[in-house]
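Report on the following structure.
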Amino acid sequence: MDLVSPRGTQDLLPPRSEAMLALYEAAHRSARLFGFRYVETPMFEHTELFARAAGSTSDVVSKEMYTFLDKGGRSITLRPETTASVVRAYLSNAHDLPLPFMAYYVGSQFRHGRPQAGRLRELRQFGVEIIGVDGADADVEVIALTDRYLRERGLTKTTLFVNSIGDQVCRPAYRKLLIGHLEPHREQLCEDCQQRLQSNPLRILDCKVDGKKSFVLDAPVISDHLCEPCREHLASLLAGLDRAGMPYEHDPRLVRGLDYYTRTVFEFVSGALSAAQATVCGGGRYDGLAEVLGGPPTPGVGFAMGLDRVLLAMEGESVPLPEPRGLRCFVVAVGEAARASAAAFVDELRDAGLAASTAFEDRPMKAQMKMADRAQASFVAIVGERELAEGVITLKRLADGIQKTVPASDAVGWLTRLDDWTS
RNA sequence: GUGGCCGUAGCUCAAUUAGGUUAGAGCACCUGGUUGUGGUCCAGGGGGUUGGGGGUUCAAAUCCCCUCGGUCACCCCA
């Protein structure tokens, strides 16, 4: 039996697992701070949901999905992203949900690509969606949440890039214009871009190979060819970011792979990660998605943040990972006879809300002290024959070795009112 | 999914250059340094089918093939 986890997955163990947990907890705090409500959607969906939402030409759909037939013969896909699920869930429950619907989620996504650092087959994401608002203030709000979250994690080397990719009105027209500009140079394009000329010409602008060629640099950019409503939306977004004091770069070549994006697109890119996987968070507006899924026209905007990458970026910037709080007190029982009293004291501590633990077996005191140390306990309580005889408990603060013997009845108090230890 | 690099104890590595006796070290882990005190120090100990399979050879960690995994770039995205 091979004991390694499947390709592209990882076991998160202490202390890294606890750093990830801290990211989850912070995600909940941040989202709720902005008024988002927690949602859970299924880890798998009917394949059709993702196929319709993302567009069958996108890479995510054409080659990265974990798709299988269930025992009823249905085509099922492990979620590669969650926006489509949230919108589906919204549409099917719209009659009793408030508008705007502000939802957030935290969880795993699955994409079958070739793994490398910062690109896993099971990846953890934190995301939010605002459904039902078409004004740019909603866009500013989700960006502000991301910005705050990343800053509070201690990241300083991230840059926000924004752009507008137009809507159903101006994008097709721009697309035609762009193809017209590039068509005469077809022969000079790389193999990929010759394909993209029909499938996704906007991508050619940020192609690693062709992006620097003069006829590509001269190509028209979408932000110069937006329709009036889209132009206003972009202006309003940028004004909002300025007002909120968030630095950004307007990158007219920033594009998005999923078909449902309209108008606003944005990315937070970390300078602490290798360039190919440096996007820590991506998002944008998807005003066309609800209709694609068969619902009424419903605007939406959101982001998805890759928490595995956030963790890597923190490590890359040498941000100290949040220290998990250890035990308040490890209770050492000296001798078999003391174990019952020790167990009772542990229970008393837990009743008082203090994390406490003790050895599961009668072990030498030295070994128990070592256990306390490794449990990162702040204090050790010693319960032995002497203590039992006198009705006291010996407390030791591990950081400096200061030790006090106190009445057993007040021991919990000593471990609660830590200011008594200032001596 | 395409191409390059890599794969020795839990971790970081040595031994691979021209195949040659029981594959080493540091850190980590466990146990001791007597009778009630962790984190330091000292001593000892456990742990490796050299990712796996096949081949060449008297002999393979070392050479060849396949495979699995990691990593970097691409595709694309978080």
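Following the order of the structure tokens, first chain is A, next is B, and so on, with residues numbered from 1 inside each chain and ligands from 1 in the order they appear.
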Could you list, as number ranges by chain, every residue of chain A that has an atom within 8 Å of an atom of chain B, counting only C-alpha atoms (C1' of nucleotides)?
-> A: 7, 59-60, 63, 113-114, 116-117, 123, 125, 257, 279-282, 304-307, 309, 334, 365-366, 369-373, 384, 398
Step one, run DSSP on the backbone; step two, keep only residues of region 48-283 of chain A assigned to alpha helix (DSSP H); then write them as a PyMOL selection string.
-> chain A and resi 48-54+59-63+83-93+136-152+170-182+191-199+214-217+228-243
Between B:A43, B:G19, B:G10, B:G4, which is the closest to U56 (chain B) once you count only C-alpha atoms (C1' of nucleotides)?
->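 Of the candidates, the smallest distance to U56 (chain B) is held by B:G19.
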May I ask for the distance between CA of Arg285 (chain A) and CA of Leu311 (chain A), given in Å to one decimal place?
->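 We find that CA of Arg285 (chain A) and CA of Leu311 (chain A) lie 25.9 Å from each other.
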Can you list, as a ChimeraX atom specification, all residues belonging to region 21-265 of chain A that DSSP tags as strand (DSSP E or B)?
-> /A:37-38,44-46,66-69,75-78,101-110,116,119,122-131,158-164,249-250,262-265
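Atom to atom, CA of Arg121 (chain A) and CA of Glu40 (chain A) stand 20.3 Å apart.
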Could you tell me which of A:Ile222, A:Leu354, A:Val292, A:Leu327 comes closest to Arg417 (chain A) if we count only C-alpha atoms?
->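 Once distances to Arg417 (chain A) are computed over only C-alpha atoms, the minimum belongs to A:Leu354.
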Quick one: residues within 8 Å of A23 (chain B), only C-alpha atoms (C1' of nucleotides), excluding same-chain residues fewer than 6 positions away - as a JSON list (two decimals) with N, CA and C atoms (P, O5', C5', C4', C3', O3' and C1' of nucleotides), in the first residue's frame?
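After the write, around15.json holds the following:
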[["chain", "number", "residue", "atom", "x", "y", "z"],
["B", 15, "A", "P", 28.88, 13.58, -2.41],
["B", 15, "A", "O5'", 29.06, 12.02, -2.12],
["B", 15, "A", "C5'", 30.31, 11.51, -1.70],
["B", 15, "A", "C4'", 30.20, 10.04, -1.44],
["B", 15, "A", "C3'", 29.81, 9.18, -2.65],
["B", 15, "A", "O3'", 30.93, 8.87, -3.45],
["B", 15, "A", "C1'", 28.55, 8.54, -0.75],
["B", 50, "U", "P", 16.77, 0.16, -1.43],
["B", 50, "U", "O5'", 16.05, 1.56, -1.01],
["B", 50, "U", "C5'", 15.56, 2.45, -2.02],
["B", 50, "U", "C4'", 16.34, 3.75, -1.94],
["B", 50, "U", "C3'", 16.65, 4.36, -3.30],
["B", 50, "U", "O3'", 16.11, 5.67, -3.28],
["B", 50, "U", "C1'", 18.58, 4.31, -1.92],
["B", 61, "A", "P", 22.55, -0.84, -4.74],
["B", 61, "A", "O5'", 22.03, 0.66, -4.51],
["B", 61, "A", "C5'", 20.79, 1.07, -5.07],
["B", 61, "A", "C4'", 20.80, 2.56, -5.31],
["B", 61, "A", "C3'", 21.62, 2.99, -6.53],
["B", 61, "A", "O3'", 20.82, 3.02, -7.68],
["B", 61, "A", "C1'", 22.25, 4.27, -4.63]]
